[in-house]
$ cat coords07.tsv   # TSV, C-alpha atoms and all ligand atoms
chain	number	residue	atom	x	y	z
A	27	MET	CA	9.95	16.17	232.11
A	28	ASP	CA	11.90	19.09	233.48
A	29	THR	CA	15.26	17.61	234.44
A	30	THR	CA	16.60	20.78	236.08
A	31	ASN	CA	16.24	21.54	239.76
A	32	ASN	CA	15.90	25.29	239.44
A	33	HIS	CA	12.78	27.15	240.46
A	34	THR	CA	12.50	29.62	237.61
A	35	SER	CA	10.90	28.19	234.54
A	36	LEU	CA	11.63	29.71	231.17
A	37	LYS	CA	8.71	31.75	229.88
A	38	ALA	CA	10.17	33.69	226.96
A	39	VAL	CA	13.16	33.97	224.65
A	40	LEU	CA	14.09	37.44	223.41
A	41	PHE	CA	15.99	37.37	220.13
A	42	ASP	CA	18.18	40.08	218.73
A	43	VAL	CA	17.95	40.21	214.92
A	44	ASP	CA	21.06	41.45	213.10
A	45	GLY	CA	23.93	39.03	213.58
A	46	THR	CA	21.82	36.72	215.78
A	47	LEU	CA	18.94	35.48	213.62
A	48	ALA	CA	20.96	35.98	210.43
A	49	ASP	CA	24.28	37.43	209.30
A	50	THR	CA	22.63	40.52	207.91
A	51	GLU	CA	25.28	43.14	208.63
A	52	GLN	CA	28.06	42.36	206.13
A	53	ASP	CA	25.95	41.21	203.18
A	54	GLY	CA	22.60	42.89	203.90
A	55	HIS	CA	22.82	46.24	205.68
A	56	ARG	CA	26.30	47.16	204.40
A	57	PRO	CA	25.49	46.79	200.67
A	58	ALA	CA	22.12	48.46	201.27
A	59	PHE	CA	23.88	51.51	202.75
A	60	ASN	CA	26.29	51.55	199.79
A	61	ALA	CA	23.42	51.33	197.28
A	62	ALA	CA	21.70	54.27	198.99
A	63	PHE	CA	24.92	56.29	198.88
A	64	GLN	CA	25.20	55.62	195.15
A	65	GLU	CA	21.55	56.56	194.61
A	66	PHE	CA	22.22	59.88	196.38
A	67	GLY	CA	25.30	60.56	194.21
A	68	LEU	CA	27.74	60.12	197.09
A	69	SER	CA	31.20	58.61	196.65
A	70	TRP	CA	31.03	56.97	200.11
A	71	GLN	CA	31.88	53.24	200.14
A	72	TRP	CA	31.60	51.22	203.34
A	73	ASP	CA	33.93	48.26	202.85
A	74	ILE	CA	33.93	45.24	205.18
A	75	PRO	CA	36.62	46.47	207.66
A	76	LEU	CA	35.24	50.04	207.79
A	77	TYR	CA	31.72	48.72	208.40
A	78	GLY	CA	33.12	46.68	211.30
A	79	LYS	CA	34.30	49.92	212.91
A	80	LEU	CA	31.00	51.68	212.22
A	81	LEU	CA	29.07	48.85	213.89
A	82	GLN	CA	30.09	50.25	217.27
A	83	ILE	CA	27.23	52.68	216.65
A	84	THR	CA	23.85	50.94	216.63
A	85	GLY	CA	21.06	52.25	214.44
A	86	GLY	CA	21.45	53.07	210.76
A	87	LYS	CA	20.68	56.79	211.01
A	88	GLU	CA	22.99	57.12	214.00
A	89	ARG	CA	25.70	55.19	212.09
A	90	ILE	CA	25.45	57.53	209.08
A	91	ARG	CA	25.77	60.57	211.36
A	92	PHE	CA	28.80	59.02	213.09
A	93	TYR	CA	30.40	58.35	209.69
A	94	ILE	CA	29.85	61.96	208.64
A	95	GLU	CA	31.37	63.24	211.90
A	96	GLN	CA	34.41	60.97	211.53
A	97	TYR	CA	35.03	60.62	207.79
A	98	ALA	CA	32.90	63.02	205.74
A	99	THR	CA	32.74	66.23	207.75
A	100	GLU	CA	31.91	68.35	204.68
A	101	ALA	CA	28.36	66.95	204.93
A	102	LEU	CA	27.97	68.57	208.36
A	103	ASN	CA	27.28	71.86	206.54
A	104	LYS	CA	24.15	70.52	204.84
A	105	ALA	CA	20.99	72.42	205.71
A	106	GLY	CA	18.47	70.07	207.35
A	107	LEU	CA	21.05	67.38	208.03
A	108	ASP	CA	18.72	65.25	210.19
A	109	GLU	CA	16.04	65.16	207.47
A	110	TRP	CA	18.64	64.40	204.81
A	111	ILE	CA	20.02	61.50	206.88
A	112	ALA	CA	16.47	60.23	207.39
A	113	SER	CA	15.77	60.24	203.64
A	114	LEU	CA	19.11	58.57	202.86
A	115	HIS	CA	18.28	55.94	205.47
A	116	LYS	CA	14.83	55.44	203.94
A	117	ALA	CA	16.50	54.65	200.62
A	118	LYS	CA	18.80	52.23	202.46
A	119	THR	CA	15.77	50.42	203.92
A	120	ARG	CA	14.32	50.11	200.39
A	121	HIS	CA	17.56	48.55	199.15
A	122	PHE	CA	17.67	46.24	202.18
A	123	LYS	CA	14.16	45.06	201.33
A	124	LYS	CA	15.25	44.21	197.77
A	125	LEU	CA	18.21	42.22	199.10
A	126	MET	CA	16.01	40.30	201.52
A	127	GLU	CA	13.52	39.53	198.76
A	128	GLN	CA	16.34	37.92	196.77
A	129	GLY	CA	16.52	35.51	199.73
A	130	ASP	CA	20.33	35.23	199.78
A	131	ILE	CA	20.71	35.60	203.54
A	132	PRO	CA	19.73	32.46	205.46
A	133	LEU	CA	18.91	32.14	209.14
A	134	ARG	CA	21.87	31.07	211.25
A	135	PRO	CA	22.19	27.41	212.36
A	136	GLY	CA	19.57	26.35	214.87
A	137	VAL	CA	17.40	29.47	214.68
A	138	LYS	CA	14.47	28.00	212.77
A	139	ARG	CA	14.51	24.75	214.76
A	140	LEU	CA	14.59	26.59	218.11
A	141	ILE	CA	11.80	29.02	217.16
A	142	HIS	CA	9.49	26.16	216.19
A	143	GLU	CA	10.42	24.18	219.29
A	144	LEU	CA	9.69	27.16	221.57
A	145	ARG	CA	6.35	27.66	219.85
A	146	SER	CA	5.42	24.00	220.34
A	147	LYS	CA	6.28	24.26	224.06
A	148	ASN	CA	4.29	27.48	224.54
A	149	ILE	CA	7.35	29.49	225.44
A	150	LYS	CA	6.90	33.06	224.25
A	151	ILE	CA	9.13	34.43	221.51
A	152	ALA	CA	10.04	38.09	221.21
A	153	ILE	CA	12.30	40.30	219.13
A	154	ALA	CA	14.39	43.12	220.66
A	155	THR	CA	16.40	44.94	218.01
A	156	THR	CA	17.61	48.37	217.02
A	157	THR	CA	16.91	47.72	213.36
A	158	THR	CA	14.00	49.34	211.51
A	159	PRO	CA	10.73	47.37	212.03
A	160	GLU	CA	10.24	46.79	208.27
A	161	ASN	CA	13.65	45.08	208.15
A	162	VAL	CA	12.47	42.51	210.69
A	163	THR	CA	9.44	41.77	208.52
A	164	TYR	CA	11.53	41.49	205.34
A	165	LEU	CA	14.02	39.11	206.95
A	166	LEU	CA	11.44	36.91	208.68
A	167	GLN	CA	9.20	36.66	205.65
A	168	SER	CA	12.08	35.78	203.35
A	169	THR	CA	13.43	33.09	205.69
A	170	LEU	CA	10.50	31.71	207.72
A	171	GLY	CA	7.65	32.35	205.29
A	172	LYS	CA	4.91	34.90	204.63
A	173	ASP	CA	2.95	34.16	207.83
A	174	SER	CA	5.96	33.96	210.13
A	175	MET	CA	5.29	37.25	211.95
A	176	GLY	CA	2.59	35.34	213.83
A	177	LEU	CA	5.28	33.18	215.47
A	178	PHE	CA	6.37	36.17	217.56
A	179	ASP	CA	4.48	37.38	220.62
A	180	VAL	CA	6.18	40.78	220.82
A	181	ILE	CA	8.34	42.65	218.33
A	182	GLY	CA	10.33	45.60	219.65
A	183	ALA	CA	12.33	47.38	216.94
A	184	GLY	CA	13.98	50.61	215.84
A	185	ASP	CA	12.85	54.05	216.95
A	186	ILE	CA	10.09	52.69	219.19
A	187	VAL	CA	12.39	53.67	222.07
A	188	PRO	CA	14.50	56.83	221.93
A	189	LYS	CA	17.76	55.24	223.11
A	190	LYS	CA	19.12	52.29	221.15
A	191	LYS	CA	21.42	49.52	222.41
A	192	PRO	CA	23.66	49.49	224.45
A	193	ALA	CA	20.87	51.25	226.37
A	194	PRO	CA	18.47	48.68	227.85
A	195	ASP	CA	15.33	50.55	226.70
A	196	ILE	CA	14.26	48.14	223.95
A	197	TYR	CA	14.52	45.24	226.42
A	198	TYR	CA	12.48	47.13	229.03
A	199	TRP	CA	9.86	47.82	226.36
A	200	VAL	CA	9.65	44.15	225.32
A	201	LEU	CA	9.57	42.87	228.94
A	202	GLU	CA	6.75	45.27	229.70
A	203	LYS	CA	4.74	43.98	226.71
A	204	LEU	CA	5.45	40.36	227.71
A	205	LYS	CA	4.49	41.15	231.31
A	206	LEU	CA	7.38	39.00	232.49
A	207	ALA	CA	10.30	39.46	234.87
A	208	PRO	CA	13.77	39.29	233.28
A	209	SER	CA	14.60	36.20	235.39
A	210	GLN	CA	11.86	34.28	233.53
A	211	CYS	CA	13.45	35.05	230.18
A	212	ILE	CA	16.65	34.63	228.24
A	213	ALA	CA	18.07	37.02	225.66
A	214	ILE	CA	20.07	35.79	222.67
A	215	GLU	CA	22.54	38.34	221.31
A	216	ASP	CA	25.58	38.47	219.04
A	217	SER	CA	27.36	41.68	220.06
A	218	GLU	CA	28.87	43.49	223.02
A	219	ASN	CA	26.41	46.37	222.56
A	220	GLY	CA	23.55	43.89	222.59
A	221	LEU	CA	24.91	42.11	225.67
A	222	LEU	CA	25.31	45.42	227.52
A	223	ALA	CA	21.69	46.31	226.73
A	224	ALA	CA	20.36	42.92	227.86
A	225	LEU	CA	22.46	42.81	231.05
A	226	ALA	CA	21.41	46.35	231.96
A	227	ALA	CA	17.82	45.07	231.80
A	228	ASP	CA	18.86	42.17	234.11
A	229	LEU	CA	18.33	39.55	231.42
A	230	PRO	CA	20.31	36.32	231.45
A	231	THR	CA	22.02	36.37	228.05
A	232	LEU	CA	23.40	33.78	225.67
A	233	ILE	CA	25.82	34.94	222.97
A	234	THR	CA	26.26	33.48	219.49
A	235	VAL	CA	29.16	35.25	217.80
A	236	ASN	CA	29.86	36.12	214.16
A	237	ASN	CA	32.87	37.43	212.26
A	238	TYR	CA	32.25	41.01	213.32
A	239	THR	CA	31.76	40.23	217.01
A	240	ARG	CA	33.98	37.21	217.81
A	241	GLN	CA	36.69	39.33	219.51
A	242	GLN	CA	34.35	41.48	221.59
A	243	ASN	CA	34.05	41.41	225.37
A	244	PHE	CA	31.26	39.13	226.55
A	245	ASP	CA	31.85	39.24	230.30
A	246	GLY	CA	28.59	38.53	232.07
A	247	ALA	CA	27.12	36.27	229.37
A	248	LEU	CA	25.81	32.83	230.38
A	249	ALA	CA	27.77	31.26	227.53
A	250	VAL	CA	29.46	32.28	224.30
A	251	LEU	CA	28.91	29.95	221.34
A	252	SER	CA	29.65	29.91	217.63
A	253	ASP	CA	25.92	29.58	216.89
A	254	LEU	CA	22.85	27.77	218.26
A	255	GLY	CA	23.93	24.53	216.61
A	256	GLU	CA	21.96	21.63	215.21
A	257	PRO	CA	22.00	17.95	216.22
A	258	GLU	CA	23.85	17.29	212.96
A	259	GLN	CA	25.88	20.55	212.94
A	260	ASN	CA	27.09	21.18	216.51
A	261	PHE	CA	28.11	24.57	217.85
A	262	THR	CA	31.59	25.22	219.19
A	263	GLN	CA	32.11	26.97	222.49
A	264	VAL	CA	33.99	30.27	222.53
A	265	SER	CA	33.99	30.23	226.33
A	266	ASP	CA	33.67	26.91	228.15
A	267	ASN	CA	30.51	26.12	230.06
A	268	PRO	CA	30.16	22.68	231.72
A	269	ILE	CA	26.45	22.59	230.85
A	270	PHE	CA	27.50	21.74	227.31
A	271	ALA	CA	29.74	18.78	228.22
A	272	ASP	CA	27.54	16.40	226.26
A	273	LYS	CA	25.07	18.66	224.48
A	274	HIS	CA	26.11	20.64	221.43
A	275	TRP	CA	22.99	22.38	220.21
A	276	ILE	CA	20.63	24.77	221.97
A	277	ASP	CA	17.11	23.62	222.72
A	278	THR	CA	14.54	24.56	225.36
A	279	GLU	CA	16.11	22.18	227.85
A	280	THR	CA	19.55	23.79	227.60
A	281	LEU	CA	18.07	27.29	227.78
A	282	GLN	CA	16.20	26.23	230.92
A	283	GLN	CA	19.42	24.83	232.41
A	284	LEU	CA	21.25	28.06	231.60
A	285	ILE	CA	18.77	30.31	233.40
A	286	GLY	CA	18.48	27.85	236.29
A	287	LYS	CA	22.18	28.06	237.12
B	1	LIG	C1	21.53	46.27	214.63
B	1	LIG	C2	21.83	47.62	214.20
B	1	LIG	C3	21.09	48.17	213.06
B	1	LIG	C4	21.44	47.57	211.73
B	1	LIG	C5	20.87	48.43	210.63
B	1	LIG	O1	21.95	46.10	215.98
B	1	LIG	O2	22.64	48.30	214.77
B	1	LIG	O3	21.36	49.53	213.00
B	1	LIG	O4	22.84	47.55	211.57
B	1	LIG	O5	19.51	48.65	210.76
B	1	LIG	P1	21.32	44.94	216.90
B	1	LIG	P2	18.86	50.09	210.52
B	1	LIG	O6	21.61	43.65	216.20
B	1	LIG	O7	22.06	45.02	218.18
B	1	LIG	O8	19.87	45.23	217.06
B	1	LIG	O9	19.59	50.73	209.38
B	1	LIG	O10	17.42	49.81	210.20
B	1	LIG	O11	19.04	50.85	211.81
B	2	MG	MG	22.91	42.13	216.79

$ encode --input "coords07.tsv" --output "structure tokens" --more "lines below"
Ligand code: XBP
Ligand code: MG
Amino acid sequence: MDTTNNHTSLKAVLFDVDGTLADTEQDGHRPAFNAAFQEFGLSWQWDIPLYGKLLQITGGKERIRFYIEQYATEALNKAGLDEWIASLHKAKTRHFKKLMEQGDIPLRPGVKRLIHELRSKNIKIAIATTTTPENVTYLLQSTLGKDSMGLFDVIGAGDIVPKKKPAPDIYYWVLEKLKLAPSQCIAIEDSENGLLAALAADLPTLITVNNYTRQQNFDGALAVLSDLGEPEQNFTQVSDNPIFADKHWIDTETLQQLIGK
């Protein structure tokens, strides 16, 4: 029974990937970039604090270019810089795949439970991410199983739109494919850039933070939580929301309450 008195019923959940489904940035993307740099004979090393600064730029190719402009300007003289960045990034994706196949990066608390619950309640599930499409496949297959791509109704990823987050384009693209209005959906994000993208597309947005994003500005979010939580491993609230007075994990009912507010 729907216990809320709102009029908009939840039709889809749009998940970000990196930092939201899994903590892929620090121990997945970052080492994959470093392995690609080594393969290309570069002395570049992206340590944990530096990578935190570079995360302000979404998209791996864009992040490499930003790094060159800020820290390695000698590379600006390379002939065919765009193509070189693209091939370096391709190597990075190959290394990321290897890391995902090792299966060391788990889904964050509550993600698997919520995805299966949404499926069982016929609520659509979509992905809206700036990461390369193959990375989504590698992560999902290593965590949710070989056939898990079928759990998702729409997957929007990478260069499918020209402007990456914080631009709303990937969310517009996914909403168009879902044929739904933003008010019928909820986005789940982990970063300020992701929140800005979702809000610009008019999507109600729930934030689950991680070590890289905890201190960011989440004004406009429905709620800011440590993670999605589990009945036996509750989330903590980063910003207080009375909806969670006696409920400490996210399920379809709480998502429905959040968008009905
Ligand atoms: C993710 C990103 C991506 C990943 C790396 O942002 O910015 O660039 O860091 O992936 P979000 P690629 O979680 O907001 O989608 O190297 O494939 O771009
Ligand atoms: Mg993210």

$ residues_near_point --input "coords07.tsv" --point "(20.6, 23.4, 228.8)" --cutoff "10 Å" --atoms "all atoms listed in the file" --output "VMD selection string"
chain A and resid 29 to 30 269 to 270 273 to 287

$ closest_atom_pairs --input "coords07.tsv" --of "chain A" --to "ligand LIG 1 (chain B)" --cutoff "6 Å" --atoms "all atoms listed in the file" --output "Markdown table"
| residue | atom | partner | partner_atom | distance |
| --- | --- | --- | --- | --- |
| A:Asp42 | CA | B:LIG1 | O6 | 5.6 |
| A:Val43 | CA | B:LIG1 | O6 | 5.2 |
| A:Asp44 | CA | B:LIG1 | O6 | 3.8 |
| A:Gly45 | CA | B:LIG1 | O6 | 5.8 |
| A:Glu51 | CA | B:LIG1 | O4 | 5.8 |
| A:His55 | CA | B:LIG1 | C5 | 5.8 |
| A:Thr84 | CA | B:LIG1 | O2 | 3.4 |
| A:Gly85 | CA | B:LIG1 | O3 | 3.1 |
| A:Gly86 | CA | B:LIG1 | O9 | 3.3 |
| A:Thr155 | CA | B:LIG1 | O8 | 3.6 |
| A:Thr156 | CA | B:LIG1 | O8 | 3.9 |
| A:Thr157 | CA | B:LIG1 | O5 | 3.8 |
| A:Thr158 | CA | B:LIG1 | O10 | 3.7 |
| A:Gly220 | CA | B:LIG1 | O7 | 4.8 |

$ closest_residue --input "coords07.tsv" --among "A:Tyr197, A:Tyr238, A:Tyr164, A:Trp70" --to "Arg120 in chain A" --atoms "all atoms listed in the file"
A:Tyr164

$ closest_residue --input "coords07.tsv" --among "A:Ser217, A:Ser113, A:Ser146, A:Asn236" --to "ligand MG 2 (chain B)" --atoms "all atoms listed in the file"
A:Ser217

$ residues_around --input "coords07.tsv" --residues "range 199-209 of chain A" --least-positions-apart "4" --cutoff "12 Å" --atoms "all atoms listed in the file" --output "number ranges by chain"
A: 32-42, 149-155, 178-190, 193-195, 213, 223-231, 282, 284-287

$ atom_distance --input "coords07.tsv" --atom1 "CA of Leu221 in chain A" --atom2 "CA of Asn267 in chain A"
17.5 Å

$ closest_residue --input "coords07.tsv" --among "A:Leu251, A:Leu170, A:Tyr198, A:Lys79" --to "Glu215 in chain A" --atoms "all atoms listed in the file"
A:Leu251

$ atom_distance --input "coords07.tsv" --atom1 "CA of Pro192 in chain A" --atom2 "CA of Leu222 in chain A"
5.4 Å

$ closest_residue --input "coords07.tsv" --among "A:Glu218, A:Glu160, A:Asp108, A:Glu143" --to "ligand MG 2 (chain B)" --atoms "all atoms listed in the file"
A:Glu218

$ atom_distance --input "coords07.tsv" --atom1 "CA of Glu100 in chain A" --atom2 "CA of Ala61 in chain A"
20.4 Å

$ residues_around --input "coords07.tsv" --residues "Gln128 in chain A" --least-positions-apart "4" --cutoff "9 Å" --atoms "all atoms listed in the file" --output "PyMOL selection string"
chain A and resi 123-124+168

$ build_atoms --input "coords07.tsv" --residues "range 239-263 of chain A" --atoms "N, CA and C atoms" --output "mmCIF file, in the frame of the given file"
data_model
loop_
_atom_site.group_PDB
_atom_site.id
_atom_site.type_symbol
_atom_site.label_atom_id
_atom_site.label_comp_id
_atom_site.auth_asym_id
_atom_site.auth_seq_id
_atom_site.Cartn_x
_atom_site.Cartn_y
_atom_site.Cartn_z
ATOM 1 N N THR A 239 31.864 40.081 215.554
ATOM 2 C CA THR A 239 31.760 40.230 217.010
ATOM 3 C C THR A 239 32.634 39.270 217.821
ATOM 4 N N ARG A 240 33.227 38.282 217.137
ATOM 5 C CA ARG A 240 33.980 37.210 217.810
ATOM 6 C C ARG A 240 34.960 37.718 218.875
ATOM 7 N N GLN A 241 35.639 38.839 218.602
ATOM 8 C CA GLN A 241 36.690 39.330 219.510
ATOM 9 C C GLN A 241 36.159 40.269 220.595
ATOM 10 N N GLN A 242 34.872 40.508 220.628
ATOM 11 C CA GLN A 242 34.350 41.480 221.590
ATOM 12 C C GLN A 242 34.336 40.921 223.012
ATOM 13 N N ASN A 243 34.065 41.809 223.959
ATOM 14 C CA ASN A 243 34.050 41.410 225.370
ATOM 15 C C ASN A 243 32.647 40.935 225.763
ATOM 16 N N PHE A 244 32.564 39.681 226.180
ATOM 17 C CA PHE A 244 31.260 39.130 226.550
ATOM 18 C C PHE A 244 31.190 38.759 228.026
ATOM 19 N N ASP A 245 31.922 39.484 228.852
ATOM 20 C CA ASP A 245 31.850 39.240 230.300
ATOM 21 C C ASP A 245 30.398 39.395 230.763
ATOM 22 N N GLY A 246 29.951 38.444 231.548
ATOM 23 C CA GLY A 246 28.590 38.530 232.070
ATOM 24 C C GLY A 246 27.607 37.664 231.299
ATOM 25 N N ALA A 247 28.025 37.150 230.131
ATOM 26 C CA ALA A 247 27.120 36.270 229.370
ATOM 27 C C ALA A 247 27.068 34.894 230.019
ATOM 28 N N LEU A 248 25.946 34.193 229.846
ATOM 29 C CA LEU A 248 25.810 32.830 230.380
ATOM 30 C C LEU A 248 26.746 31.881 229.664
ATOM 31 N N ALA A 249 26.880 32.094 228.361
ATOM 32 C CA ALA A 249 27.770 31.260 227.530
ATOM 33 C C ALA A 249 28.000 31.995 226.228
ATOM 34 N N VAL A 250 29.127 31.688 225.602
ATOM 35 C CA VAL A 250 29.460 32.280 224.300
ATOM 36 C C VAL A 250 29.704 31.131 223.326
ATOM 37 N N LEU A 251 28.874 31.072 222.283
ATOM 38 C CA LEU A 251 28.910 29.950 221.340
ATOM 39 C C LEU A 251 29.106 30.447 219.921
ATOM 40 N N SER A 252 29.510 29.531 219.047
ATOM 41 C CA SER A 252 29.650 29.910 217.630
ATOM 42 C C SER A 252 28.296 30.209 217.018
ATOM 43 N N ASP A 253 27.285 29.460 217.419
ATOM 44 C CA ASP A 253 25.920 29.580 216.890
ATOM 45 C C ASP A 253 25.027 28.712 217.756
ATOM 46 N N LEU A 254 23.761 28.580 217.415
ATOM 47 C CA LEU A 254 22.850 27.770 218.260
ATOM 48 C C LEU A 254 23.034 26.269 218.012
ATOM 49 N N GLY A 255 23.642 25.938 216.887
ATOM 50 C CA GLY A 255 23.930 24.530 216.610
ATOM 51 C C GLY A 255 22.703 23.731 216.189
ATOM 52 N N GLU A 256 22.995 22.594 215.605
ATOM 53 C CA GLU A 256 21.960 21.630 215.210
ATOM 54 C C GLU A 256 22.449 20.261 215.652
ATOM 55 N N PRO A 257 21.544 19.294 215.855
ATOM 56 C CA PRO A 257 22.000 17.950 216.220
ATOM 57 C C PRO A 257 23.043 17.421 215.240
ATOM 58 N N GLU A 258 22.881 17.786 213.954
ATOM 59 C CA GLU A 258 23.850 17.290 212.960
ATOM 60 C C GLU A 258 24.904 18.330 212.577
ATOM 61 N N GLN A 259 24.882 19.496 213.226
ATOM 62 C CA GLN A 259 25.880 20.550 212.940
ATOM 63 C C GLN A 259 26.121 21.284 214.262
ATOM 64 N N ASN A 260 26.941 20.677 215.134
ATOM 65 C CA ASN A 260 27.090 21.180 216.510
ATOM 66 C C ASN A 260 27.750 22.535 216.572
ATOM 67 N N PHE A 261 27.395 23.304 217.624
ATOM 68 C CA PHE A 261 28.110 24.570 217.850
ATOM 69 C C PHE A 261 29.471 24.284 218.449
ATOM 70 N N THR A 262 30.364 25.302 218.406
ATOM 71 C CA THR A 262 31.590 25.220 219.190
ATOM 72 C C THR A 262 31.494 26.278 220.277
ATOM 73 N N GLN A 263 32.155 26.015 221.382
ATOM 74 C CA GLN A 263 32.110 26.970 222.490
ATOM 75 C C GLN A 263 33.269 27.955 222.371
#
